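To be precise, the following lines are protein-v3.cif, and they hold mmCIF, C-alpha atoms.
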data_my_file
#
loop_
_atom_site.label_atom_id
_atom_site.label_comp_id
_atom_site.auth_asym_id
_atom_site.auth_seq_id
_atom_site.Cartn_x
_atom_site.Cartn_y
_atom_site.Cartn_z
CA ILE K 1 -20.58 15.74 -10.36
CA ARG K 2 -23.99 14.32 -9.53
CA ASN K 3 -25.01 10.69 -9.90
CA VAL K 4 -28.65 10.41 -10.93
CA LEU K 5 -30.91 7.37 -11.27
CA LEU K 6 -33.40 7.75 -14.13
CA GLN K 7 -36.62 5.72 -14.00
CA PHE K 8 -39.57 5.93 -16.37
CA THR K 9 -43.04 4.47 -16.63
CA VAL K 10 -45.25 4.37 -19.75
CA PHE K 11 -48.85 5.36 -18.99
CA PRO K 12 -51.49 2.71 -19.66
CA GLY K 13 -52.89 2.97 -23.18
CA TYR K 14 -49.73 4.62 -24.56
CA GLU K 15 -47.59 1.48 -24.81
CA HIS K 16 -47.71 1.53 -28.63
CA ASP K 17 -46.06 4.92 -29.13
CA TRP K 18 -44.88 5.97 -25.62
CA GLY K 19 -46.90 9.16 -26.10
CA MET K 20 -47.14 9.73 -22.34
CA VAL K 21 -44.30 8.75 -20.05
CA GLN K 22 -43.62 9.58 -16.42
CA LEU K 23 -39.96 10.25 -15.57
CA ALA K 24 -38.43 10.13 -12.07
CA LEU K 25 -34.92 11.40 -11.28
CA THR K 26 -33.32 10.38 -7.99
CA ASP K 27 -30.06 11.88 -6.72
CA ILE K 28 -27.89 8.88 -5.69
CA THR K 29 -24.61 10.81 -5.27
CA ALA K 30 -24.37 10.04 -1.55
CA ARG K 31 -24.99 6.33 -2.19
CA LYS K 32 -22.32 6.24 -4.89
CA LYS K 33 -19.84 7.94 -2.57
CA ALA K 34 -20.60 5.41 0.14
CA GLU K 35 -20.12 2.54 -2.30
CA SER K 36 -16.80 4.02 -3.49
CA TYR K 37 -15.59 4.40 0.10
CA LEU K 38 -16.53 0.80 0.92
CA GLU K 39 -14.63 -0.33 -2.17
CA TYR K 40 -11.66 1.77 -1.00
CA LEU K 41 -11.81 0.18 2.47
CA GLY K 42 -11.76 -3.27 0.89
CA LYS K 43 -8.38 -2.59 -0.70
CA HIS K 44 -6.69 -0.02 1.54
CA ASP K 45 -5.28 0.33 5.02
CA VAL K 46 -7.05 3.33 6.56
CA LEU K 47 -4.15 4.39 8.79
CA THR K 48 -1.39 4.51 6.16
CA LYS K 49 -3.55 4.92 3.02
CA LEU K 50 -1.48 2.15 1.44
CA TYR K 51 -3.00 -1.00 -0.03
CA ASN K 52 -3.88 -3.72 2.49
CA ARG K 53 -2.96 -7.38 2.69
CA SER K 54 -6.09 -8.45 0.82
CA PHE K 55 -5.12 -6.32 -2.19
CA TYR K 56 -1.51 -7.52 -1.91
CA THR K 57 -2.63 -11.15 -2.18
CA GLU K 58 -4.79 -10.39 -5.23
CA GLU K 59 -1.93 -8.45 -6.84
CA LEU K 60 0.41 -11.42 -6.40
CA HIS K 61 -2.06 -13.66 -8.23
CA ARG K 62 -2.31 -11.12 -11.03
CA LEU K 63 1.47 -10.79 -11.36
CA GLU K 64 1.90 -14.56 -11.38
CA ARG K 65 -0.49 -14.84 -14.35
CA ALA K 66 1.03 -11.89 -16.23
CA ILE K 67 3.84 -12.45 -18.71
CA ILE K 68 5.83 -9.29 -17.95
CA ARG K 69 9.08 -10.08 -16.17
CA PRO K 70 11.05 -9.38 -14.10
CA VAL K 71 8.88 -8.72 -11.08
CA SER K 72 10.72 -7.16 -8.15
CA ALA K 73 9.81 -6.64 -4.51
CA ILE K 74 11.09 -4.58 -1.60
CA PHE K 75 10.23 -5.91 1.86
CA ILE K 76 10.29 -3.26 4.59
CA ASP K 77 10.05 -3.63 8.35
CA MET K 78 10.06 -0.73 10.81
CA ASN K 79 12.66 -1.09 13.55
CA GLY K 80 11.65 -0.35 17.12
CA LEU K 81 7.92 0.29 16.62
CA LYS K 82 7.03 -1.93 19.58
CA GLU K 83 9.31 0.12 21.84
CA ILE K 84 7.66 3.34 20.63
CA ASN K 85 4.21 1.87 21.39
CA ASP K 86 5.34 0.61 24.81
CA ASN K 87 7.15 3.77 25.88
CA HIS K 88 5.13 6.54 24.22
CA GLY K 89 1.72 4.99 23.54
CA HIS K 90 -0.03 3.68 20.45
CA ASP K 91 -0.86 7.18 19.21
CA ALA K 92 2.86 7.81 18.77
CA GLY K 93 3.22 4.46 17.00
CA ASP K 94 0.28 5.23 14.73
CA GLU K 95 1.87 8.55 13.79
CA LEU K 96 5.03 6.72 12.69
CA LEU K 97 2.91 4.38 10.59
CA ARG K 98 1.13 7.33 8.98
CA ARG K 99 4.49 8.89 8.17
CA MET K 100 5.66 5.60 6.69
CA GLY K 101 2.55 5.45 4.53
CA ASN K 102 3.25 8.96 3.25
CA ILE K 103 6.85 8.04 2.39
CA LEU K 104 5.83 4.96 0.41
CA ASN K 105 2.90 6.67 -1.32
CA ARG K 106 5.24 9.42 -2.48
CA THR K 107 7.83 6.84 -3.56
CA ILE K 108 5.48 5.00 -5.91
CA ALA K 109 3.54 8.02 -7.19
CA ASN K 110 3.19 7.86 -11.00
CA THR K 111 5.25 4.65 -11.24
CA GLY K 112 2.57 1.98 -11.62
CA PHE K 113 4.10 0.13 -8.65
CA THR K 114 2.09 -0.78 -5.53
CA ALA K 115 2.90 -0.45 -1.83
CA SER K 116 0.99 -2.50 0.73
CA ARG K 117 0.91 -2.75 4.50
CA ILE K 118 0.84 -6.51 5.04
CA GLY K 119 1.28 -6.58 8.81
CA GLY K 120 1.60 -4.32 11.83
CA ASP K 121 4.91 -2.75 10.78
CA GLU K 122 5.57 -4.71 7.58
CA PHE K 123 5.29 -3.31 4.07
CA VAL K 124 5.94 -4.57 0.55
CA VAL K 125 6.53 -2.63 -2.65
CA LEU K 126 5.74 -4.71 -5.75
CA MET K 127 7.26 -3.62 -9.06
CA GLN K 128 6.26 -5.25 -12.33
CA GLY K 129 8.83 -4.97 -15.10
CA ALA K 130 11.43 -3.41 -12.77
CA ASN K 131 15.05 -4.45 -13.20
CA ASN K 132 17.83 -4.05 -10.64
CA THR K 133 18.53 -0.45 -11.71
CA THR K 134 14.91 0.52 -11.07
CA VAL K 135 14.92 -1.30 -7.74
CA GLN K 136 18.06 0.55 -6.63
CA SER K 137 16.53 3.85 -7.70
CA THR K 138 13.37 3.07 -5.70
CA LEU K 139 15.43 2.17 -2.63
CA MET K 140 17.29 5.48 -2.92
CA THR K 141 14.00 7.37 -3.17
CA ILE K 142 12.68 5.66 -0.02
CA GLN K 143 15.90 6.50 1.82
CA GLU K 144 15.90 10.13 0.67
CA LEU K 145 12.26 10.66 1.67
CA LEU K 146 12.95 8.92 4.99
CA ASN K 147 15.89 11.24 5.69
CA ILE K 148 13.75 14.32 4.96
CA ASP K 149 10.92 12.98 7.15
CA ASN K 150 13.29 12.25 10.04
CA GLN K 151 14.65 15.80 9.90
CA TYR K 152 11.13 17.09 10.60
CA TYR K 153 10.38 14.50 13.30
CA SER K 154 13.77 14.16 14.97
CA THR K 155 12.29 13.15 18.35
CA HIS K 156 10.72 9.98 16.91
CA MET K 157 12.86 8.97 13.95
CA ILE K 158 11.86 6.09 11.69
CA SER K 159 14.39 3.29 11.20
CA LEU K 160 13.88 0.64 8.52
CA SER K 161 15.18 -2.77 7.59
CA MET K 162 14.79 -3.51 3.88
CA GLY K 163 15.36 -6.49 1.63
CA PHE K 164 14.80 -6.76 -2.10
CA ALA K 165 14.90 -9.25 -4.97
CA SER K 166 13.93 -9.60 -8.63
CA THR K 167 12.70 -12.75 -10.34
CA ALA K 168 15.45 -14.75 -12.00
CA GLU K 169 14.75 -16.63 -15.22
CA LYS K 170 11.99 -19.22 -14.66
CA GLU K 171 11.83 -18.31 -10.95
CA SER K 172 8.37 -18.10 -9.41
CA ILE K 173 7.25 -14.89 -7.75
CA ALA K 174 6.76 -16.82 -4.50
CA ASP K 175 10.43 -17.85 -4.46
CA MET K 176 11.53 -14.31 -5.28
CA LEU K 177 9.45 -12.99 -2.37
CA LYS K 178 11.10 -15.46 0.00
CA ARG K 179 14.52 -14.16 -1.02
CA ALA K 180 13.47 -10.54 -0.49
CA ASP K 181 11.93 -11.40 2.89
CA LEU K 182 15.07 -13.26 4.03
CA ALA K 183 17.26 -10.32 2.96
CA MET K 184 15.08 -7.98 5.03
CA TYR K 185 15.28 -10.23 8.10
CA LYS K 186 19.06 -10.43 7.76
CA GLN K 187 19.27 -6.62 7.79
CA LYS K 188 16.93 -6.51 10.80
CA LYS K 189 19.05 -9.08 12.64
CA ASP K 190 22.19 -7.03 11.90
CA TYR K 191 20.44 -3.88 13.14
CA TYR K 192 19.55 -5.38 16.52
CA GLU K 193 22.96 -7.04 16.90
CA HIS K 194 24.53 -3.62 16.30
CA LEU K 195 22.26 -2.07 18.95
CA GLU K 196 23.23 -4.80 21.41
CA THR K 197 26.93 -4.22 20.72
CA GLU K 198 26.52 -0.48 21.35
CA LYS K 199 24.78 -1.18 24.68
CA ASN K 200 27.61 -3.39 25.85
CA ASP K 201 30.38 -0.97 24.84
#

Please render this file's structure as structure tokens.
Amino acid sequence: IRNVLLQFTVFPGYEHDWGMVQLALTDITARKKAESYLEYLGKHDVLTKLYNRSFYTEELHRLERAIIRPVSAIFIDMNGLKEINDNHGHDAGDELLRRMGNILNRTIANTGFTASRIGGDEFVVLMQGANNTTVQSTLMTIQELLNIDNQYYSTHMISLSMGFASTAEKESIADMLKRADLAMYKQKKDYYEHLETEKND
């Protein structure tokens, strides 16, 4: 596909019938590609190919205005990424983030849901019109894809803490997000307490 800019000029004296016109065609395909890539960068995280925090914020505003309910969210935090960065370097940490992006992109493919990287190792899946059954199914998909991924990369396995919630009747999306976030932090706290217990045994 080629993008072409068409410009024309009517020769003096032919304004009444456009009997003589000069046409100019300019190939602007490269410019259009550059504009599309800049638009992509404005909404996406380059490393994971997920949406970025800016898009996530805009999407929350859109969902708040929309009438379709419930809206559900899954908050995800990667366990131990700092240790991977400290012990194996940031390239190893970046590879885990890329893998995480692939898992979430595959999870939401053809669903209409969105997955965003909102922090260093924090992610949120937003699901409009998703009830608890759909949320549970999405969680199972994430876990299944994670298990497959970890079989291929057994030396640097990804571990996740996840929390989820769906809007109750008349509940704001902001309040629902707080519940999902708290549920994720509780799972993360339990994960590190379990690690500490294993160390001491």

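When atom CA of K:Asn150 is paired with atom CA of K:Arg99, their separation reads 9.6 Å.
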
Taking the file as shown, find all residues satisfying the PyMOL selection byres ((chain K and resi 120) around 10) and write them as a ChimeraX atom specification. /K:77-78,81-82,97,117-119,121-123

Selected residues written out with C-alpha atoms, as an mmCIF file, in the frame of the given file:
data_model
loop_
_atom_site.group_PDB
_atom_site.id
_atom_site.type_symbol
_atom_site.label_atom_id
_atom_site.label_comp_id
_atom_site.auth_asym_id
_atom_site.auth_seq_id
_atom_site.Cartn_x
_atom_site.Cartn_y
_atom_site.Cartn_z
ATOM 1 C CA ASP K 77 10.050 -3.630 8.350
ATOM 2 C CA MET K 78 10.060 -0.730 10.810
ATOM 3 C CA LEU K 81 7.920 0.290 16.620
ATOM 4 C CA LYS K 82 7.030 -1.930 19.580
ATOM 5 C CA LEU K 97 2.910 4.380 10.590
ATOM 6 C CA ARG K 117 0.910 -2.750 4.500
ATOM 7 C CA ILE K 118 0.840 -6.510 5.040
ATOM 8 C CA GLY K 119 1.280 -6.580 8.810
ATOM 9 C CA ASP K 121 4.910 -2.750 10.780
ATOM 10 C CA GLU K 122 5.570 -4.710 7.580
ATOM 11 C CA PHE K 123 5.290 -3.310 4.070
#

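Summary of the local environment: counting only C-alpha atoms, residues at most 12 Å from K:Ser159, other than itself and those fewer than 3 positions away along its chain, are K:Ile76, K:Asp77, K:Met78, K:Asn79, K:Gly80, K:Leu81, K:Ile84, K:Leu96, K:Leu97, K:Arg99, K:Met100, K:Asp121, K:Ile142, K:Gln143, K:Leu146, K:Asn147, K:Asp149, K:Asn150, K:Ser154, K:His156, K:Met162, K:Gln187, K:Lys188, K:Tyr191, K:Tyr192.
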
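For K:Ala130, the set of protein, DNA and RNA residues having any atom at most 10 Å away, when counting all atoms listed in the file and skipping those fewer than 3 positions along the same chain, is Ile68, Arg69, Pro70, Val71, Ser72, Ala73, Phe113, Leu126, Met127, Thr133, Thr134, Val135, Gln136, Thr138, Ser166 and Thr167 of chain K.
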
List the residues selected by the PyMOL selection byres ((chain K and resi 28) around 6) in the file shown, writing them as a PyMOL selection string. chain K and resi 3-4+27+29-31

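When you apply the PyMOL selection byres ((chain K and resi 47) around 10) to this structure, what comes back is His44, Asp45, Val46, Thr48, Lys49, Leu50, Asp94, Glu95, Leu97, Arg98, Arg99, Gly101 and Arg117 of chain K.
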
Please produce a file of those selected residues containing C-alpha atoms, as an mmCIF file, in the coordinates of the input.
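This is the output file again29.cif:
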data_model
loop_
_atom_site.group_PDB
_atom_site.id
_atom_site.type_symbol
_atom_site.label_atom_id
_atom_site.label_comp_id
_atom_site.auth_asym_id
_atom_site.auth_seq_id
_atom_site.Cartn_x
_atom_site.Cartn_y
_atom_site.Cartn_z
ATOM 1 C CA HIS K 44 -6.690 -0.020 1.540
ATOM 2 C CA ASP K 45 -5.280 0.330 5.020
ATOM 3 C CA VAL K 46 -7.050 3.330 6.560
ATOM 4 C CA THR K 48 -1.390 4.510 6.160
ATOM 5 C CA LYS K 49 -3.550 4.920 3.020
ATOM 6 C CA LEU K 50 -1.480 2.150 1.440
ATOM 7 C CA ASP K 94 0.280 5.230 14.730
ATOM 8 C CA GLU K 95 1.870 8.550 13.790
ATOM 9 C CA LEU K 97 2.910 4.380 10.590
ATOM 10 C CA ARG K 98 1.130 7.330 8.980
ATOM 11 C CA ARG K 99 4.490 8.890 8.170
ATOM 12 C CA GLY K 101 2.550 5.450 4.530
ATOM 13 C CA ARG K 117 0.910 -2.750 4.500
#

Taken to one decimal, the atom CA of K:Arg62-atom CA of K:Ser172 distance is 12.9 Å

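Going from atom CA of K:Ile74 to atom CA of K:Gly163 covers 5.7 Å.
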
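A distance cut-off of 7 Å around (-43.9, 3.0, -18.4), counting only C-alpha atoms, selects these protein and nucleic acid residues: K:Phe8, K:Thr9, K:Val10, K:Phe11, K:Val21, K:Gln22.
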
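Using only C-alpha atoms for every distance, the candidate list K:Gly112, K:Lys186, K:Ile1, K:Glu59 yields K:Ile1 as the residue closest to K:Lys32.
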
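You can rank K:Tyr152, K:Lys33, K:Ala183, K:Ile158 by their closest distance to K:Gly93 using only C-alpha atoms, and at the top of that list sits K:Ile158.
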
Measuring between all atoms listed in the file, which one of K:Ala92, K:Ala115, K:Val124, K:Met176 shows the shortest distance to K:Thr155? K:Ala92
